[in-house]
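Here's target14.pdb, which has PDB, C-alpha atoms:
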```pdb
ATOM      1  CA  MET B 905      13.795   2.689  14.930  1.00  0.00           C
ATOM      2  CA  GLU B 906      12.808   3.740  11.441  1.00  0.00           C
ATOM      3  CA  GLY B 907      10.221   6.386  10.680  1.00  0.00           C
ATOM      4  CA  PHE B 908       7.506   5.991   8.065  1.00  0.00           C
ATOM      5  CA  THR B 909       4.902   8.359   6.716  1.00  0.00           C
ATOM      6  CA  ASN B 910       1.426   7.116   5.956  1.00  0.00           C
ATOM      7  CA  ASN B 911      -0.029   8.740   2.881  1.00  0.00           C
ATOM      8  CA  PRO B 912      -3.707   9.497   3.502  1.00  0.00           C
ATOM      9  CA  PRO B 913      -6.298   7.030   2.151  1.00  0.00           C
ATOM     10  CA  PHE B 914      -6.975   7.543  -1.517  1.00  0.00           C
ATOM     11  CA  TRP B 915     -10.237   7.102  -3.357  1.00  0.00           C
ATOM     12  CA  ASN B 916      -8.943   8.099  -6.775  1.00  0.00           C
ATOM     13  CA  VAL B 917      -6.310   5.686  -8.092  1.00  0.00           C
ATOM     14  CA  ASP B 918      -4.738   8.475 -10.152  1.00  0.00           C
ATOM     15  CA  VAL B 919      -3.913  10.579  -7.058  1.00  0.00           C
ATOM     16  CA  LEU B 920      -0.874   8.518  -5.992  1.00  0.00           C
ATOM     17  CA  LYS B 921       1.757   6.734  -8.026  1.00  0.00           C
ATOM     18  CA  LEU B 922       0.619   3.132  -7.774  1.00  0.00           C
ATOM     19  CA  SER B 923       1.748  -0.066  -9.371  1.00  0.00           C
ATOM     20  CA  ASN B 924      -0.343  -1.441 -12.206  1.00  0.00           C
ATOM     21  CA  ARG B 925      -1.768  -3.986  -9.781  1.00  0.00           C
ATOM     22  CA  ILE B 926      -3.961  -1.504  -7.899  1.00  0.00           C
ATOM     23  CA  LYS B 927      -6.814  -0.610 -10.199  1.00  0.00           C
ATOM     24  CA  GLU B 928      -9.800   0.167  -7.982  1.00  0.00           C
ATOM     25  CA  SER B 929     -10.484   3.083  -5.668  1.00  0.00           C
ATOM     26  CA  SER B 930     -11.140   2.152  -2.047  1.00  0.00           C
ATOM     27  CA  ILE B 931     -11.096   3.664   1.432  1.00  0.00           C
ATOM     28  CA  LYS B 932      -8.905   0.688   2.440  1.00  0.00           C
ATOM     29  CA  ASN B 933      -6.047   1.646   0.081  1.00  0.00           C
ATOM     30  CA  PHE B 934      -2.935   2.920   1.863  1.00  0.00           C
ATOM     31  CA  GLN B 935       0.800   3.446   1.428  1.00  0.00           C
ATOM     32  CA  PHE B 936       3.751   3.726   3.811  1.00  0.00           C
ATOM     33  CA  VAL B 937       6.452   6.006   2.461  1.00  0.00           C
ATOM     34  CA  GLN B 938      10.049   6.497   3.583  1.00  0.00           C
ATOM     35  CA  GLU B 939      12.142   9.220   1.959  1.00  0.00           C
ATOM     36  CA  ASP B 940       9.783   9.474  -1.057  1.00  0.00           C
ATOM     37  CA  GLU B 941       9.910   5.719  -1.708  1.00  0.00           C
ATOM     38  CA  VAL B 942       6.892   3.471  -1.258  1.00  0.00           C
ATOM     39  CA  ILE B 943       7.817   0.765   1.258  1.00  0.00           C
ATOM     40  CA  LEU B 944       4.411  -0.855   1.647  1.00  0.00           C
ATOM     41  CA  GLN B 945       1.144  -0.476  -0.212  1.00  0.00           C
ATOM     42  CA  PHE B 946      -2.209  -2.154   0.087  1.00  0.00           C
ATOM     43  CA  GLY B 947      -4.883  -1.568  -2.513  1.00  0.00           C
ATOM     44  CA  LYS B 948      -7.932  -2.880  -4.238  1.00  0.00           C
ATOM     45  CA  TYR B 949      -7.140  -4.944  -7.322  1.00  0.00           C
ATOM     46  CA  SER B 950     -10.642  -5.988  -8.370  1.00  0.00           C
ATOM     47  CA  GLU B 951     -14.133  -6.141  -6.931  1.00  0.00           C
ATOM     48  CA  VAL B 952     -13.161  -8.845  -4.405  1.00  0.00           C
ATOM     49  CA  GLU B 953      -9.322  -8.958  -4.481  1.00  0.00           C
ATOM     50  CA  TYR B 954      -6.651  -6.800  -2.865  1.00  0.00           C
ATOM     51  CA  ALA B 955      -2.915  -6.468  -3.576  1.00  0.00           C
ATOM     52  CA  LEU B 956      -0.290  -6.161  -0.843  1.00  0.00           C
ATOM     53  CA  ASP B 957       3.180  -5.013  -1.938  1.00  0.00           C
ATOM     54  CA  PHE B 958       6.109  -4.578   0.446  1.00  0.00           C
ATOM     55  CA  ARG B 959       9.881  -4.507   0.643  1.00  0.00           C
ATOM     56  CA  GLU B 960      12.639  -4.172   3.246  1.00  0.00           C
ATOM     57  CA  PRO B 961      12.508  -3.403   6.173  1.00  0.00           C
ATOM     58  CA  PHE B 962       9.127  -5.195   6.434  1.00  0.00           C
ATOM     59  CA  ASN B 963       8.851  -8.957   6.394  1.00  0.00           C
ATOM     60  CA  LEU B 964       5.853 -11.053   5.385  1.00  0.00           C
ATOM     61  CA  LEU B 965       4.441 -11.460   8.890  1.00  0.00           C
ATOM     62  CA  GLU B 966       4.682  -7.746   9.746  1.00  0.00           C
ATOM     63  CA  THR B 967       3.127  -6.768   6.442  1.00  0.00           C
ATOM     64  CA  PHE B 968       0.252  -9.201   6.820  1.00  0.00           C
ATOM     65  CA  CYS B 969      -0.453  -7.901  10.345  1.00  0.00           C
ATOM     66  CA  LEU B 970      -0.603  -4.309   9.078  1.00  0.00           C
ATOM     67  CA  ALA B 971      -2.999  -5.153   6.261  1.00  0.00           C
TER      68      ALA B 971
END
```
Serialized structure, structure tokens:
Amino acid sequence: MEGFTNNPPFWNVDVLKLSNRIKESSIKNFQFVQEDEVILQFGKYSEVEYALDFREPFNLLETFCLA
């Protein structure tokens, strides 16, 4: 079983290193981190759109369920 750390929710986009896709601050933004690497992130892209980025060991179904 792998261990992940959940960075606390962020309201200021500049607080965490985010991809260029996440541009809005939101209470719903979150990241899962493993050994200082972002494994999964969910964040507000625009007023009505969100971005969901993930990589191994998560698959599409697991990631969608978490978001």
Exercise for review: Show which residues sit within 10 Å of Leu944 of chain B, as a count of residues only. Count only C-alpha atoms, and ignore same-chain residues fewer than 4 positions away.
Suggested key: 17
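From atom CA of Glu953 of chain B back to atom CA of Glu939 of chain B, the distance works out to 28.9 Å.
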Check your understanding: How many Å separate atom CA of Val952 of chain B from atom CA of Ser929 of chain B?
Key ->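 Separation between atom CA of Val952 of chain B and atom CA of Ser929 of chain B: 12.3 Å.
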